[in-house]
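**Student:** Dropping the structure in here first, questions after.
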Amino acid sequence: MREMRTILTGFALAVILTVLPFVAVIGQWLPREGTLWLIAITAVVQITVHLYFFLGVEITGKHRERLSSLLFACVLIFIMVGGTLWVMGNLYWRMM
Amino acid sequence: MIAASDKVEEQIDEETEFGFWLYLMSDAVLFSLLFGTFAVMSSNLAGGPGGSALFDMKNLATQTALLLVSSLTIALAHHAAHTGHLARTLGWLVVTCLLGAGFLGLEIKELSGFVAQDAGPGRSGYLSAFFTLVGTHGLHVTAGLIWAMTLIAQFLIKGIGLRMTSRLYRLTLFWHFLDIVWIGVFSLVYLPEFL
């Protein structure tokens, strides 16, 4: 189970990582490209935060098998989604 | 003797939890493919309205906040169940349900508003992919809500035990997983439209 401190730390980090892209989009301080990068980076970091603090994915310890099945799912996702984008992108380019 | 059977039960629960985790991984593959489809379809507007004309920042921010806070409250519900506080568990579960229902209400209002503006799923490839992705997430949240309400009833009848805590734990995993999907939705589908 998750300790209270783990829960609160995870939540605090998640709030910061959610507020950051929203504020950047509303304020429009960065150029478009920069804001898109900020959104992408905070999303990836926040997903990692959720996985570690809330879902109990860890490199060592009791739930190690969760990380290996997650990595396997990532391989499947990479093949299927990556393959889809590759094929459809190629098709789009040839139809131009 | 009791301790031994508790140990067995705990092991069964751990195996069930891992089985549920594997389901979540297959669900992750499903959502990733919906994201992939959305990415492919996102430029096919067919002369219809795009996200920048449809999306409302206030609505999005409220939805995101509701789901994020519900992620905290369900973790607190599980923590309370694990430490044996029935009333606190029920309280946090009820708060989670209310937050989830608020999220869902806003989503239904938003999507039905799109349909009313002639921007339903049949309008363009972009809107088809959008409705499929966001609708599938909304369906999952609905399932989570029904599950949470079932658990509230079960907690009231059965009280707190190892088995009930394990059930709540699986709901917690499901709920956090849905929040992760939502991070993808607001980062990929919504926020870029406001730039």
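For the structure tokens, the naming scheme is as follows: chains receive sequential letters (A, B, ...) according to their order of presentation, residues are indexed from 1 within each chain, and ligands are indexed from 1 in presentation order.
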May I have the residues of chain A within 9 Å of chain B, counting only C-alpha atoms, written as number ranges by chain?
**Tutor:** A: 1-4, 7-8, 10-11, 14-15, 18, 21-22, 25-26, 28, 32, 35-36, 39-40, 42-44, 46-47, 50-51, 54-56, 63, 65-66, 69-70, 72-74, 76-77, 80-82, 84-85, 88-89
**Student:** Extract the full set of helix (DSSP H, G or I) residues from region 2-87 of chain A according to DSSP on the backbone, and format it as a PyMOL selection string.
**Tutor:** chain A and resi 4-27+32-54+64-87
**Student:** Would you work out the distance separating CA of Phe38 (chain B) from CA of Thr136 (chain B), expressed in Å to one decimal?
**Tutor:**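 Separation between CA of Phe38 (chain B) and CA of Thr136 (chain B): 12.6 Å.
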